[in-house]
Amino acid sequence: MNTVNRMDNFTIGGDLEVRRLGFGAMRITGEGIWGPPDDPEGARQLLRRVVELGINLIDTADSYGPEVSENLIAEALHPYPDGLVIATKGGLVRTGPGEWPRDARPERLKECCEASLRRLKLDRIDLYQLHAPDPKVPYEESVGALKELQDEGKIKHIGVSNVSVEELDQARGLVDVVTVQNRFNLTDRASEDVLEVCERDGIGFIPWFPLATGSLARPGGPLDEAAHAHDATPGQVALAWLLARSPVMLPIPGTSSIEHLEENLRAADLTLAADEIDAIGAAAA
Ligand SMILES: NC(=O)c1ccc[n+]([C@@H]2O[C@H](COP(=O)([O-])OP(=O)(O)OC[C@H]3O[C@@H](n4cnc5c(N)ncnc54)[C@H](OP(=O)(O)O)[C@@H]3O)[C@@H](O)[C@H]2O)c1
């Protein structure tokens with residue numbers, strides 16, 4: 001039987017080797033990704049467990065909290081172990097719980113990056129991602145700000161997020177884009193065209209919302225059959241399907257629970273047969 005083995009590593013930007021299943025640190029904040037979590041020490045324990053389990057790609061952003069996620073990462077993990085890649089982002093502002101207006105003016109992006117450097121206690125950010133294009137600012141100007149930060153040595157690699165193929169092309173005309181972070185999961189594949197470009201050109205593709213906020217982890221859906229067959233959970237099948245979908249796929253499931261973290265990581269040990277991958281994809285489409 002043909003099988004696809006998903007748990008290899010991926011090297012971001014030619015020099016940051018990470019395991020392909022990372023951790024999204026958006027869910028360690030308060031309700032509506034606003035303010036501190038109910039149990040800050042629990043969040044720090046979760047982050048320490050992430051690293052203990054060998055995960056070495058943590059995704060965050062200045063806007064998660066805001067500031068809360070980055071602060072907790074530094075409190076829990078600094079000084080950072082060798083090889084840990086903290087990928088943060090700038091370009092959104094927070095006006096209240098669940099509100100995410102965009103502001104990617106060059107001067108603001110530079111301030112955001114400086115503030116992330118301070119909060120994360122870093123001299124240089126390994127992967128800095130432009131959180132989203134800002135319709136009020138020409139995209140080249142926002143990307144140009146990241147190029148300046150890179151030239152100044154404040155960021156090592158540049159990623160983009162929430163982009164179309166055209167916007168990705170535009171960014172790549174100015175800088176070496178090493179990752180793209182777009183919404184993508186079994187039931188939402190609108191960014192398939194962007195993923196294809198990433199796969200063709202060896203750009204890391206970070207699918208946010210990999211579990212569709214947990215709905216793909218619930219029993220009773222199209223993943224049940226494969227889950228039973230592998231003695232796994234539907235959420236593990238959803239993550240294994242993503243890993244199998246492309247060798248450039250770097251899922252970052254988010255959770256506030258150590259139990260869910262451990263369950264999600266076990267998805268990396270699940271090997272789906274090629275016909276199962278197709279069947280799961282078709283059933284969930
Ligand atoms: N670039 C962007 O614009 C953007 C946007 C959104 C997110 N992101 C990034 O992507 C990461 C992942 O996205 P996401 O957090 O929105 O969505 P997600 O990973 O698809 O889902 C997270 C939700 O699923 C639940 N969950 C996780 N594991 C579970 C399990 N094993 N069983 C049951 N429920 C489970 C979590 O609840 P519990 O806490 O109860 O486990 C949480 O509510 C974020 O953390 C963030 O880093 C980026």
# chains A, B, ... in the order shown; residues from 1 in each chain; ligands from 1
$ select_by_dssp --residues "region 178-237 of chain A" --states "strand (DSSP E or B)" --output "PyMOL selection string"
chain A and resi 178-183+185+188+204-208
$ residues_around --residues "Trp100 (chain A)" --least-positions-apart "5" --cutoff "12 Å" --atoms "only C-alpha atoms" --output "VMD selection string"
chain A and resid 32 to 34 61 to 66 90 to 95 131 to 132 134
$ write_last_selection --atoms "C-alpha atoms" --output "compact mmCIF listing (two decimals), in the first residue's frame"
# COMPACT_ATOMS: atom_id res chain seq x y z
CA GLY A 32 -11.78 36.76 22.61
CA ILE A 33 -7.94 36.59 22.53
CA TRP A 34 -8.11 39.58 24.88
CA ALA A 61 1.74 37.72 17.37
CA ASP A 62 1.93 41.05 19.16
CA SER A 63 -1.86 41.23 18.84
CA TYR A 64 -2.60 38.04 20.83
CA GLY A 65 -3.79 39.54 24.08
CA PRO A 66 -2.43 42.00 22.87
CA GLY A 90 2.76 42.49 13.33
CA GLY A 91 0.19 44.44 11.36
CA LEU A 92 -3.04 44.19 13.35
CA VAL A 93 -4.30 46.37 16.19
CA ARG A 94 -6.68 45.40 18.95
CA THR A 95 -9.63 47.56 19.88
CA HIS A 131 -0.07 39.57 9.75
CA ALA A 132 -2.28 40.79 6.90
CA ASP A 134 -3.75 46.61 5.11
$ residues_around --residues "Ile155 (chain A)" --least-positions-apart "5" --cutoff "7 Å" --atoms "only C-alpha atoms" --output "list in words"
Arg124, Ile125, Asp126, Leu127, Tyr128, Leu149 and Gln150 of chain A
$ write_last_selection --atoms "all heavy atoms" --output "mmCIF file, in the first residue's frame"
data_model
loop_
_atom_site.group_PDB
_atom_site.id
_atom_site.type_symbol
_atom_site.label_atom_id
_atom_site.label_comp_id
_atom_site.auth_asym_id
_atom_site.auth_seq_id
_atom_site.Cartn_x
_atom_site.Cartn_y
_atom_site.Cartn_z
ATOM 1 N N ARG A 124 17.099 39.354 17.783
ATOM 2 C CA ARG A 124 16.643 39.184 16.404
ATOM 3 C C ARG A 124 15.506 38.159 16.400
ATOM 4 O O ARG A 124 15.590 37.136 17.110
ATOM 5 C CB ARG A 124 17.806 38.683 15.528
ATOM 6 C CG ARG A 124 17.428 38.584 14.065
ATOM 7 C CD ARG A 124 18.615 38.241 13.219
ATOM 8 N NE ARG A 124 19.165 36.940 13.562
ATOM 9 C CZ ARG A 124 20.080 36.300 12.845
ATOM 10 N NH1 ARG A 124 20.574 36.873 11.760
ATOM 11 N NH2 ARG A 124 20.506 35.116 13.204
ATOM 12 N N ILE A 125 14.492 38.439 15.624
ATOM 13 C CA ILE A 125 13.351 37.511 15.528
ATOM 14 C C ILE A 125 13.604 36.583 14.336
ATOM 15 O O ILE A 125 13.889 37.050 13.225
ATOM 16 C CB ILE A 125 12.030 38.301 15.376
ATOM 17 C CG1 ILE A 125 11.734 39.036 16.697
ATOM 18 C CG2 ILE A 125 10.885 37.381 14.972
ATOM 19 C CD1 ILE A 125 10.677 40.085 16.627
ATOM 20 N N ASP A 126 13.518 35.280 14.592
ATOM 21 C CA ASP A 126 13.830 34.310 13.533
ATOM 22 C C ASP A 126 12.894 34.424 12.330
ATOM 23 O O ASP A 126 13.326 34.346 11.182
ATOM 24 C CB ASP A 126 13.712 32.879 14.082
ATOM 25 C CG ASP A 126 14.963 32.444 14.821
ATOM 26 O OD1 ASP A 126 16.035 33.025 14.568
ATOM 27 O OD2 ASP A 126 14.869 31.520 15.653
ATOM 28 N N LEU A 127 11.605 34.550 12.633
ATOM 29 C CA LEU A 127 10.613 34.628 11.547
ATOM 30 C C LEU A 127 9.595 35.687 11.922
ATOM 31 O O LEU A 127 8.840 35.521 12.897
ATOM 32 C CB LEU A 127 9.926 33.258 11.362
ATOM 33 C CG LEU A 127 8.794 33.204 10.331
ATOM 34 C CD1 LEU A 127 9.283 33.610 8.932
ATOM 35 C CD2 LEU A 127 8.173 31.803 10.267
ATOM 36 N N TYR A 128 9.585 36.785 11.181
ATOM 37 C CA TYR A 128 8.626 37.871 11.436
ATOM 38 C C TYR A 128 7.637 37.902 10.280
ATOM 39 O O TYR A 128 8.034 38.004 9.115
ATOM 40 C CB TYR A 128 9.344 39.214 11.573
ATOM 41 C CG TYR A 128 8.464 40.285 12.192
ATOM 42 C CD1 TYR A 128 8.195 40.280 13.554
ATOM 43 C CD2 TYR A 128 7.898 41.285 11.414
ATOM 44 C CE1 TYR A 128 7.385 41.251 14.137
ATOM 45 C CE2 TYR A 128 7.079 42.261 11.984
ATOM 46 C CZ TYR A 128 6.833 42.231 13.351
ATOM 47 O OH TYR A 128 6.020 43.187 13.925
ATOM 48 N N LEU A 149 13.767 46.185 8.312
ATOM 49 C CA LEU A 149 14.048 45.531 9.603
ATOM 50 C C LEU A 149 15.027 44.368 9.410
ATOM 51 O O LEU A 149 15.905 44.127 10.243
ATOM 52 C CB LEU A 149 12.741 45.024 10.227
ATOM 53 C CG LEU A 149 11.809 46.116 10.763
ATOM 54 C CD1 LEU A 149 10.391 45.588 10.967
ATOM 55 C CD2 LEU A 149 12.355 46.679 12.082
ATOM 56 N N GLN A 150 14.857 43.681 8.305
ATOM 57 C CA GLN A 150 15.774 42.568 8.014
ATOM 58 C C GLN A 150 17.184 43.108 7.721
ATOM 59 O O GLN A 150 18.178 42.584 8.227
ATOM 60 C CB GLN A 150 15.246 41.790 6.816
ATOM 61 C CG GLN A 150 15.982 40.501 6.539
ATOM 62 C CD GLN A 150 15.318 39.728 5.408
ATOM 63 O OE1 GLN A 150 14.945 40.293 4.373
ATOM 64 N NE2 GLN A 150 15.165 38.432 5.602
#
$ residues_near_ligand --ligand "ligand 1" --cutoff "8 Å" --atoms "only C-alpha atoms and all ligand atoms" --output "ChimeraX atom specification"
/A:23-28,58-61,131-132,161-162,181-183,185,207-218,233,235-236,251-257,259-264
$ write_last_selection --atoms "N, CA and C atoms" --output "short mmCIF file (atom, residue, chain, number, x, y, z; two decimals), in the first residue's frame"
data_model
loop_
_atom_site.label_atom_id
_atom_site.label_comp_id
_atom_site.auth_asym_id
_atom_site.auth_seq_id
_atom_site.Cartn_x
_atom_site.Cartn_y
_atom_site.Cartn_z
N PHE A 23 3.18 24.75 17.25
CA PHE A 23 2.18 25.13 18.26
C PHE A 23 1.75 26.57 18.02
N GLY A 24 0.44 26.80 18.01
CA GLY A 24 -0.10 28.15 17.88
C GLY A 24 -0.41 28.71 19.26
N ALA A 25 0.21 29.84 19.58
CA ALA A 25 0.10 30.38 20.95
C ALA A 25 -0.93 31.50 21.07
N MET A 26 -1.96 31.43 20.25
CA MET A 26 -3.03 32.44 20.32
C MET A 26 -4.03 32.14 21.42
N ARG A 27 -4.16 30.84 21.74
CA ARG A 27 -5.23 30.41 22.65
C ARG A 27 -4.82 30.47 24.12
N ILE A 28 -3.65 31.02 24.41
CA ILE A 28 -3.21 31.06 25.81
C ILE A 28 -3.55 32.41 26.45
N ILE A 58 6.95 27.79 17.43
CA ILE A 58 5.84 28.40 18.16
C ILE A 58 5.41 29.65 17.41
N ASP A 59 4.13 29.70 17.07
CA ASP A 59 3.61 30.87 16.37
C ASP A 59 2.89 31.78 17.36
N THR A 60 3.18 33.08 17.27
CA THR A 60 2.49 34.04 18.11
C THR A 60 2.31 35.34 17.32
N ALA A 61 1.88 36.40 18.00
CA ALA A 61 1.74 37.72 17.37
C ALA A 61 1.64 38.75 18.48
N HIS A 131 1.14 40.30 9.37
CA HIS A 131 -0.07 39.57 9.75
C HIS A 131 -1.14 39.57 8.66
N ALA A 132 -1.27 40.73 7.97
CA ALA A 132 -2.28 40.79 6.90
C ALA A 132 -2.04 42.05 6.09
N SER A 161 1.11 36.64 5.63
CA SER A 161 -0.07 35.93 6.13
C SER A 161 -1.32 36.55 5.52
N ASN A 162 -2.33 35.70 5.34
CA ASN A 162 -3.61 36.15 4.80
C ASN A 162 -3.45 36.81 3.44
N GLN A 181 1.27 32.18 5.90
CA GLN A 181 0.33 31.67 6.90
C GLN A 181 -1.09 32.08 6.49
N ASN A 182 -1.85 31.13 6.00
CA ASN A 182 -3.23 31.39 5.57
C ASN A 182 -4.17 30.40 6.25
N ARG A 183 -5.46 30.74 6.28
CA ARG A 183 -6.44 29.81 6.84
C ARG A 183 -6.57 28.60 5.91
N ASN A 185 -7.81 24.26 6.22
CA ASN A 185 -8.05 22.99 6.92
C ASN A 185 -8.89 22.11 6.01
N PRO A 207 -0.81 26.53 7.97
CA PRO A 207 -2.27 26.65 7.90
C PRO A 207 -2.85 27.04 9.24
N TRP A 208 -3.40 28.24 9.35
CA TRP A 208 -4.03 28.56 10.63
C TRP A 208 -5.46 28.02 10.62
N PHE A 209 -5.99 27.80 11.83
CA PHE A 209 -7.32 27.20 11.95
C PHE A 209 -7.29 25.74 11.53
N PRO A 210 -6.22 24.98 11.82
CA PRO A 210 -6.11 23.63 11.28
C PRO A 210 -7.19 22.68 11.78
N LEU A 211 -7.76 23.02 12.96
CA LEU A 211 -8.84 22.17 13.51
C LEU A 211 -10.19 22.86 13.40
N ALA A 212 -10.24 23.96 12.62
CA ALA A 212 -11.48 24.74 12.51
C ALA A 212 -12.04 25.01 13.91
N THR A 213 -11.21 25.59 14.73
CA THR A 213 -11.53 25.91 16.14
C THR A 213 -12.10 24.71 16.89
N GLY A 214 -11.52 23.58 16.65
CA GLY A 214 -11.93 22.41 17.41
C GLY A 214 -13.09 21.64 16.79
N SER A 215 -13.79 22.22 15.82
CA SER A 215 -14.97 21.49 15.29
C SER A 215 -14.53 20.23 14.56
N LEU A 216 -13.33 20.24 13.99
CA LEU A 216 -12.84 19.03 13.32
C LEU A 216 -12.38 17.98 14.33
N ALA A 217 -12.25 18.39 15.58
CA ALA A 217 -11.81 17.42 16.61
C ALA A 217 -13.00 16.71 17.24
N ARG A 218 -14.23 17.18 16.90
CA ARG A 218 -15.41 16.57 17.53
C ARG A 218 -15.83 15.28 16.83
N THR A 233 -8.20 10.05 17.23
CA THR A 233 -9.34 10.97 17.38
C THR A 233 -9.55 11.69 16.05
N GLY A 235 -9.65 14.80 15.50
CA GLY A 235 -8.69 15.91 15.41
C GLY A 235 -7.32 15.44 14.93
N GLN A 236 -6.91 14.28 15.41
CA GLN A 236 -5.62 13.74 14.95
C GLN A 236 -5.67 13.42 13.46
N PRO A 251 1.48 22.73 10.22
CA PRO A 251 0.32 23.10 11.04
C PRO A 251 0.73 23.58 12.44
N ILE A 252 -0.05 24.52 12.97
CA ILE A 252 0.23 25.07 14.30
C ILE A 252 -1.07 25.04 15.13
N PRO A 253 -1.57 23.82 15.45
CA PRO A 253 -2.81 23.78 16.21
C PRO A 253 -2.68 24.55 17.51
N GLY A 254 -3.75 25.26 17.85
CA GLY A 254 -3.74 26.08 19.07
C GLY A 254 -4.56 25.42 20.16
N THR A 255 -4.07 25.48 21.36
CA THR A 255 -4.85 24.94 22.48
C THR A 255 -4.39 25.61 23.76
N SER A 256 -5.31 25.57 24.75
CA SER A 256 -4.94 26.07 26.07
C SER A 256 -4.79 24.88 27.03
N SER A 257 -4.84 23.66 26.48
CA SER A 257 -4.88 22.48 27.34
C SER A 257 -3.72 21.54 27.05
N GLU A 259 -3.58 18.45 27.77
CA GLU A 259 -4.14 17.20 27.26
C GLU A 259 -4.36 17.29 25.74
N HIS A 260 -4.95 18.38 25.29
CA HIS A 260 -5.16 18.55 23.85
C HIS A 260 -3.83 18.67 23.11
N LEU A 261 -2.88 19.37 23.71
CA LEU A 261 -1.56 19.50 23.08
C LEU A 261 -0.96 18.12 22.82
N GLU A 262 -1.00 17.28 23.85
CA GLU A 262 -0.38 15.94 23.72
C GLU A 262 -1.15 15.11 22.69
N GLU A 263 -2.46 15.24 22.71
CA GLU A 263 -3.27 14.52 21.72
C GLU A 263 -2.93 15.00 20.30
N ASN A 264 -2.83 16.31 20.14
CA ASN A 264 -2.56 16.85 18.80
C ASN A 264 -1.20 16.40 18.29
#
$ closest_residue --among "A:Leu250, A:Ala240, A:Ala283, A:Ala232" --to "Ile55 (chain A)" --atoms "only C-alpha atoms"
A:Leu250
$ closest_atom_pairs --of "region 12-64 of chain A" --to "region 79-83 of chain A" --cutoff "8 Å" --atoms "only C-alpha atoms" --output "CSV"
residue,atom,partner,partner_atom,distance
A:Leu16,CA,A:Gly83,CA,7.5
A:Glu17,CA,A:Gly83,CA,7.6
A:Val18,CA,A:Gly83,CA,7.9
A:Asn56,CA,A:Gly83,CA,6.6
$ write_last_selection --atoms "C-alpha atoms" --output "PDB file, in the first residue's frame"
ATOM      1  CA  LEU A  16      15.732  26.978  10.624  1.00  0.00           C
ATOM      2  CA  GLU A  17      14.988  23.277  10.831  1.00  0.00           C
ATOM      3  CA  VAL A  18      11.675  22.602  12.567  1.00  0.00           C
ATOM      4  CA  ASN A  56      10.323  23.750  18.044  1.00  0.00           C
TER       5      ASN A  56
END
$ atom_distance --atom1 "CA of Lys89 (chain A)" --atom2 "CA of Arg118 (chain A)"
13.9 Å
$ closest_residue --among "A:Gly54, A:Gly202, A:Pro36, A:Gly13" --to "Pro97 (chain A)" --atoms "only C-alpha atoms"
A:Pro36
$ atom_distance --atom1 "CA of Glu70 (chain A)" --atom2 "CA of Gly159 (chain A)"
17.6 Å
$ residues_around --residues "Ala229 (chain A)" --least-positions-apart "4" --cutoff "12 Å" --atoms "only C-alpha atoms" --output "VMD selection string"
chain A and resid 223 to 225 233 to 234 237 270 to 273 276
$ write_last_selection --atoms "N, CA, C and O atoms" --output "mmCIF file, in the first residue's frame"
data_model
loop_
_atom_site.group_PDB
_atom_site.id
_atom_site.type_symbol
_atom_site.label_atom_id
_atom_site.label_comp_id
_atom_site.auth_asym_id
_atom_site.auth_seq_id
_atom_site.Cartn_x
_atom_site.Cartn_y
_atom_site.Cartn_z
ATOM 1 N N LEU A 223 -14.716 12.412 9.756
ATOM 2 C CA LEU A 223 -13.407 11.848 10.096
ATOM 3 C C LEU A 223 -13.515 10.631 11.004
ATOM 4 O O LEU A 223 -12.515 9.985 11.315
ATOM 5 N N ASP A 224 -14.739 10.328 11.419
ATOM 6 C CA ASP A 224 -14.932 9.239 12.380
ATOM 7 C C ASP A 224 -14.394 7.896 11.885
ATOM 8 O O ASP A 224 -13.742 7.167 12.638
ATOM 9 N N GLU A 225 -14.660 7.591 10.602
ATOM 10 C CA GLU A 225 -14.295 6.269 10.095
ATOM 11 C C GLU A 225 -12.772 6.078 10.150
ATOM 12 O O GLU A 225 -12.274 5.071 10.681
ATOM 13 N N THR A 233 -8.204 10.045 17.235
ATOM 14 C CA THR A 233 -9.336 10.966 17.380
ATOM 15 C C THR A 233 -9.551 11.693 16.046
ATOM 16 O O THR A 233 -8.616 11.789 15.231
ATOM 17 N N PRO A 234 -10.749 12.237 15.822
ATOM 18 C CA PRO A 234 -10.973 12.983 14.575
ATOM 19 C C PRO A 234 -9.976 14.140 14.408
ATOM 20 O O PRO A 234 -9.503 14.405 13.301
ATOM 21 N N VAL A 237 -6.802 12.912 13.004
ATOM 22 C CA VAL A 237 -6.928 12.623 11.571
ATOM 23 C C VAL A 237 -6.866 13.928 10.765
ATOM 24 O O VAL A 237 -6.202 13.995 9.723
ATOM 25 N N LEU A 270 0.640 9.346 13.067
ATOM 26 C CA LEU A 270 -0.436 8.666 12.334
ATOM 27 C C LEU A 270 -0.099 8.672 10.842
ATOM 28 O O LEU A 270 0.054 9.740 10.248
ATOM 29 N N THR A 271 0.020 7.506 10.290
ATOM 30 C CA THR A 271 0.313 7.435 8.860
ATOM 31 C C THR A 271 -0.933 7.015 8.105
ATOM 32 O O THR A 271 -1.476 5.935 8.336
ATOM 33 N N LEU A 272 -1.384 7.881 7.245
ATOM 34 C CA LEU A 272 -2.587 7.585 6.462
ATOM 35 C C LEU A 272 -2.176 7.012 5.115
ATOM 36 O O LEU A 272 -1.211 7.474 4.504
ATOM 37 N N ALA A 273 -2.930 6.028 4.662
ATOM 38 C CA ALA A 273 -2.672 5.482 3.332
ATOM 39 C C ALA A 273 -3.134 6.494 2.284
ATOM 40 O O ALA A 273 -4.018 7.310 2.543
ATOM 41 N N GLU A 276 -6.756 6.628 1.691
ATOM 42 C CA GLU A 276 -7.477 7.223 2.820
ATOM 43 C C GLU A 276 -7.403 8.755 2.755
ATOM 44 O O GLU A 276 -8.375 9.441 3.054
#
$ select_by_dssp --residues "region 53-152 of chain A" --states "helix (DSSP H, G or I)" --output "PDB file with N, CA and C atoms, in the first residue's frame"
ATOM      1  N   VAL A  68      -0.014  39.649  25.467  1.00  0.00           N
ATOM      2  CA  VAL A  68      -0.059  38.598  26.485  1.00  0.00           C
ATOM      3  C   VAL A  68       0.687  37.347  26.039  1.00  0.00           C
ATOM      4  N   SER A  69       0.441  36.909  24.814  1.00  0.00           N
ATOM      5  CA  SER A  69       1.039  35.660  24.340  1.00  0.00           C
ATOM      6  C   SER A  69       2.572  35.787  24.295  1.00  0.00           C
ATOM      7  N   GLU A  70       3.067  36.878  23.739  1.00  0.00           N
ATOM      8  CA  GLU A  70       4.529  37.055  23.681  1.00  0.00           C
ATOM      9  C   GLU A  70       5.126  37.129  25.089  1.00  0.00           C
ATOM     10  N   ASN A  71       4.455  37.849  25.988  1.00  0.00           N
ATOM     11  CA  ASN A  71       4.988  37.955  27.352  1.00  0.00           C
ATOM     12  C   ASN A  71       5.051  36.593  28.028  1.00  0.00           C
ATOM     13  N   LEU A  72       3.989  35.806  27.871  1.00  0.00           N
ATOM     14  CA  LEU A  72       3.977  34.480  28.508  1.00  0.00           C
ATOM     15  C   LEU A  72       5.082  33.595  27.931  1.00  0.00           C
ATOM     16  N   ILE A  73       5.306  33.690  26.629  1.00  0.00           N
ATOM     17  CA  ILE A  73       6.367  32.877  25.999  1.00  0.00           C
ATOM     18  C   ILE A  73       7.723  33.227  26.626  1.00  0.00           C
ATOM     19  N   ALA A  74       7.985  34.527  26.749  1.00  0.00           N
ATOM     20  CA  ALA A  74       9.272  34.924  27.338  1.00  0.00           C
ATOM     21  C   ALA A  74       9.354  34.480  28.800  1.00  0.00           C
ATOM     22  N   GLU A  75       8.272  34.668  29.564  1.00  0.00           N
ATOM     23  CA  GLU A  75       8.293  34.288  30.989  1.00  0.00           C
ATOM     24  C   GLU A  75       8.540  32.784  31.148  1.00  0.00           C
ATOM     25  N   ALA A  76       7.902  32.009  30.284  1.00  0.00           N
ATOM     26  CA  ALA A  76       7.978  30.549  30.439  1.00  0.00           C
ATOM     27  C   ALA A  76       9.258  29.965  29.869  1.00  0.00           C
ATOM     28  N   LEU A  77       9.784  30.562  28.823  1.00  0.00           N
ATOM     29  CA  LEU A  77      10.807  29.839  28.047  1.00  0.00           C
ATOM     30  C   LEU A  77      12.159  30.535  27.923  1.00  0.00           C
ATOM     31  N   PRO A 106       4.246  51.405   7.484  1.00  0.00           N
ATOM     32  CA  PRO A 106       5.648  51.048   7.750  1.00  0.00           C
ATOM     33  C   PRO A 106       6.135  51.486   9.121  1.00  0.00           C
ATOM     34  N   GLU A 107       5.820  52.720   9.516  1.00  0.00           N
ATOM     35  CA  GLU A 107       6.344  53.209  10.798  1.00  0.00           C
ATOM     36  C   GLU A 107       5.762  52.396  11.952  1.00  0.00           C
ATOM     37  N   ARG A 108       4.514  51.997  11.812  1.00  0.00           N
ATOM     38  CA  ARG A 108       3.910  51.210  12.904  1.00  0.00           C
ATOM     39  C   ARG A 108       4.504  49.806  12.949  1.00  0.00           C
ATOM     40  N   LEU A 109       4.721  49.204  11.785  1.00  0.00           N
ATOM     41  CA  LEU A 109       5.305  47.858  11.770  1.00  0.00           C
ATOM     42  C   LEU A 109       6.665  47.865  12.458  1.00  0.00           C
ATOM     43  N   LYS A 110       7.416  48.949  12.219  1.00  0.00           N
ATOM     44  CA  LYS A 110       8.741  49.018  12.858  1.00  0.00           C
ATOM     45  C   LYS A 110       8.606  49.111  14.374  1.00  0.00           C
ATOM     46  N   GLU A 111       7.638  49.910  14.828  1.00  0.00           N
ATOM     47  CA  GLU A 111       7.403  49.998  16.289  1.00  0.00           C
ATOM     48  C   GLU A 111       6.977  48.638  16.854  1.00  0.00           C
ATOM     49  N   CYS A 112       6.100  47.967  16.104  1.00  0.00           N
ATOM     50  CA  CYS A 112       5.611  46.654  16.572  1.00  0.00           C
ATOM     51  C   CYS A 112       6.765  45.674  16.704  1.00  0.00           C
ATOM     52  N   CYS A 113       7.643  45.680  15.716  1.00  0.00           N
ATOM     53  CA  CYS A 113       8.762  44.735  15.730  1.00  0.00           C
ATOM     54  C   CYS A 113       9.687  45.037  16.913  1.00  0.00           C
ATOM     55  N   GLU A 114       9.970  46.316  17.125  1.00  0.00           N
ATOM     56  CA  GLU A 114      10.823  46.691  18.269  1.00  0.00           C
ATOM     57  C   GLU A 114      10.190  46.214  19.578  1.00  0.00           C
ATOM     58  N   ALA A 115       8.876  46.390  19.686  1.00  0.00           N
ATOM     59  CA  ALA A 115       8.187  45.995  20.925  1.00  0.00           C
ATOM     60  C   ALA A 115       8.206  44.470  21.081  1.00  0.00           C
ATOM     61  N   SER A 116       8.056  43.732  19.972  1.00  0.00           N
ATOM     62  CA  SER A 116       8.114  42.263  20.059  1.00  0.00           C
ATOM     63  C   SER A 116       9.512  41.811  20.468  1.00  0.00           C
ATOM     64  N   LEU A 117      10.531  42.470  19.936  1.00  0.00           N
ATOM     65  CA  LEU A 117      11.908  42.132  20.329  1.00  0.00           C
ATOM     66  C   LEU A 117      12.087  42.289  21.837  1.00  0.00           C
ATOM     67  N   ARG A 118      11.552  43.407  22.367  1.00  0.00           N
ATOM     68  CA  ARG A 118      11.688  43.660  23.813  1.00  0.00           C
ATOM     69  C   ARG A 118      10.922  42.617  24.615  1.00  0.00           C
ATOM     70  N   ARG A 119       9.662  42.394  24.217  1.00  0.00           N
ATOM     71  CA  ARG A 119       8.842  41.443  24.992  1.00  0.00           C
ATOM     72  C   ARG A 119       9.427  40.036  24.950  1.00  0.00           C
ATOM     73  N   LEU A 120       9.883  39.633  23.776  1.00  0.00           N
ATOM     74  CA  LEU A 120      10.409  38.263  23.632  1.00  0.00           C
ATOM     75  C   LEU A 120      11.852  38.155  24.118  1.00  0.00           C
ATOM     76  N   TYR A 139       0.727  47.471  -0.416  1.00  0.00           N
ATOM     77  CA  TYR A 139       1.344  46.275   0.192  1.00  0.00           C
ATOM     78  C   TYR A 139       2.872  46.356   0.152  1.00  0.00           C
ATOM     79  N   GLU A 140       3.395  46.903  -0.957  1.00  0.00           N
ATOM     80  CA  GLU A 140       4.863  47.007  -1.084  1.00  0.00           C
ATOM     81  C   GLU A 140       5.453  47.837   0.055  1.00  0.00           C
ATOM     82  N   GLU A 141       4.698  48.847   0.502  1.00  0.00           N
ATOM     83  CA  GLU A 141       5.243  49.695   1.585  1.00  0.00           C
ATOM     84  C   GLU A 141       5.332  48.907   2.890  1.00  0.00           C
ATOM     85  N   SER A 142       4.312  48.097   3.158  1.00  0.00           N
ATOM     86  CA  SER A 142       4.352  47.282   4.384  1.00  0.00           C
ATOM     87  C   SER A 142       5.495  46.267   4.299  1.00  0.00           C
ATOM     88  N   VAL A 143       5.581  45.594   3.168  1.00  0.00           N
ATOM     89  CA  VAL A 143       6.645  44.589   3.009  1.00  0.00           C
ATOM     90  C   VAL A 143       8.011  45.279   3.050  1.00  0.00           C
ATOM     91  N   GLY A 144       8.077  46.483   2.477  1.00  0.00           N
ATOM     92  CA  GLY A 144       9.340  47.237   2.475  1.00  0.00           C
ATOM     93  C   GLY A 144       9.823  47.512   3.894  1.00  0.00           C
ATOM     94  N   ALA A 145       8.899  47.738   4.817  1.00  0.00           N
ATOM     95  CA  ALA A 145       9.287  47.982   6.214  1.00  0.00           C
ATOM     96  C   ALA A 145       9.959  46.740   6.790  1.00  0.00           C
ATOM     97  N   LEU A 146       9.421  45.572   6.444  1.00  0.00           N
ATOM     98  CA  LEU A 146      10.029  44.327   6.946  1.00  0.00           C
ATOM     99  C   LEU A 146      11.415  44.127   6.337  1.00  0.00           C
ATOM    100  N   LYS A 147      11.548  44.547   5.078  1.00  0.00           N
ATOM    101  CA  LYS A 147      12.875  44.439   4.433  1.00  0.00           C
ATOM    102  C   LYS A 147      13.886  45.304   5.184  1.00  0.00           C
ATOM    103  N   GLU A 148      13.462  46.514   5.558  1.00  0.00           N
ATOM    104  CA  GLU A 148      14.379  47.397   6.303  1.00  0.00           C
ATOM    105  C   GLU A 148      14.753  46.771   7.647  1.00  0.00           C
ATOM    106  N   LEU A 149      13.767  46.185   8.312  1.00  0.00           N
ATOM    107  CA  LEU A 149      14.048  45.531   9.603  1.00  0.00           C
ATOM    108  C   LEU A 149      15.027  44.368   9.410  1.00  0.00           C
ATOM    109  N   GLN A 150      14.857  43.681   8.305  1.00  0.00           N
ATOM    110  CA  GLN A 150      15.774  42.568   8.014  1.00  0.00           C
ATOM    111  C   GLN A 150      17.184  43.108   7.721  1.00  0.00           C
ATOM    112  N   ASP A 151      17.253  44.173   6.932  1.00  0.00           N
ATOM    113  CA  ASP A 151      18.561  44.767   6.620  1.00  0.00           C
ATOM    114  C   ASP A 151      19.263  45.247   7.891  1.00  0.00           C
TER     115      ASP A 151
END
$ residues_around --residues "Asp201 (chain A)" --least-positions-apart "2" --cutoff "12 Å" --atoms "only C-alpha atoms" --output "list in words"
Gly13, Leu168, Asp169, Arg172, Asp176, Val177, Val178, Thr179, Val180, Val194, Leu195, Glu196, Val197, Cys198, Glu199, Ile203, Gly204, Phe205, Pro247 and Val248 of chain A
$ atom_distance --atom1 "CA of Asp188 (chain A)" --atom2 "CA of Arg20 (chain A)"
20.1 Å
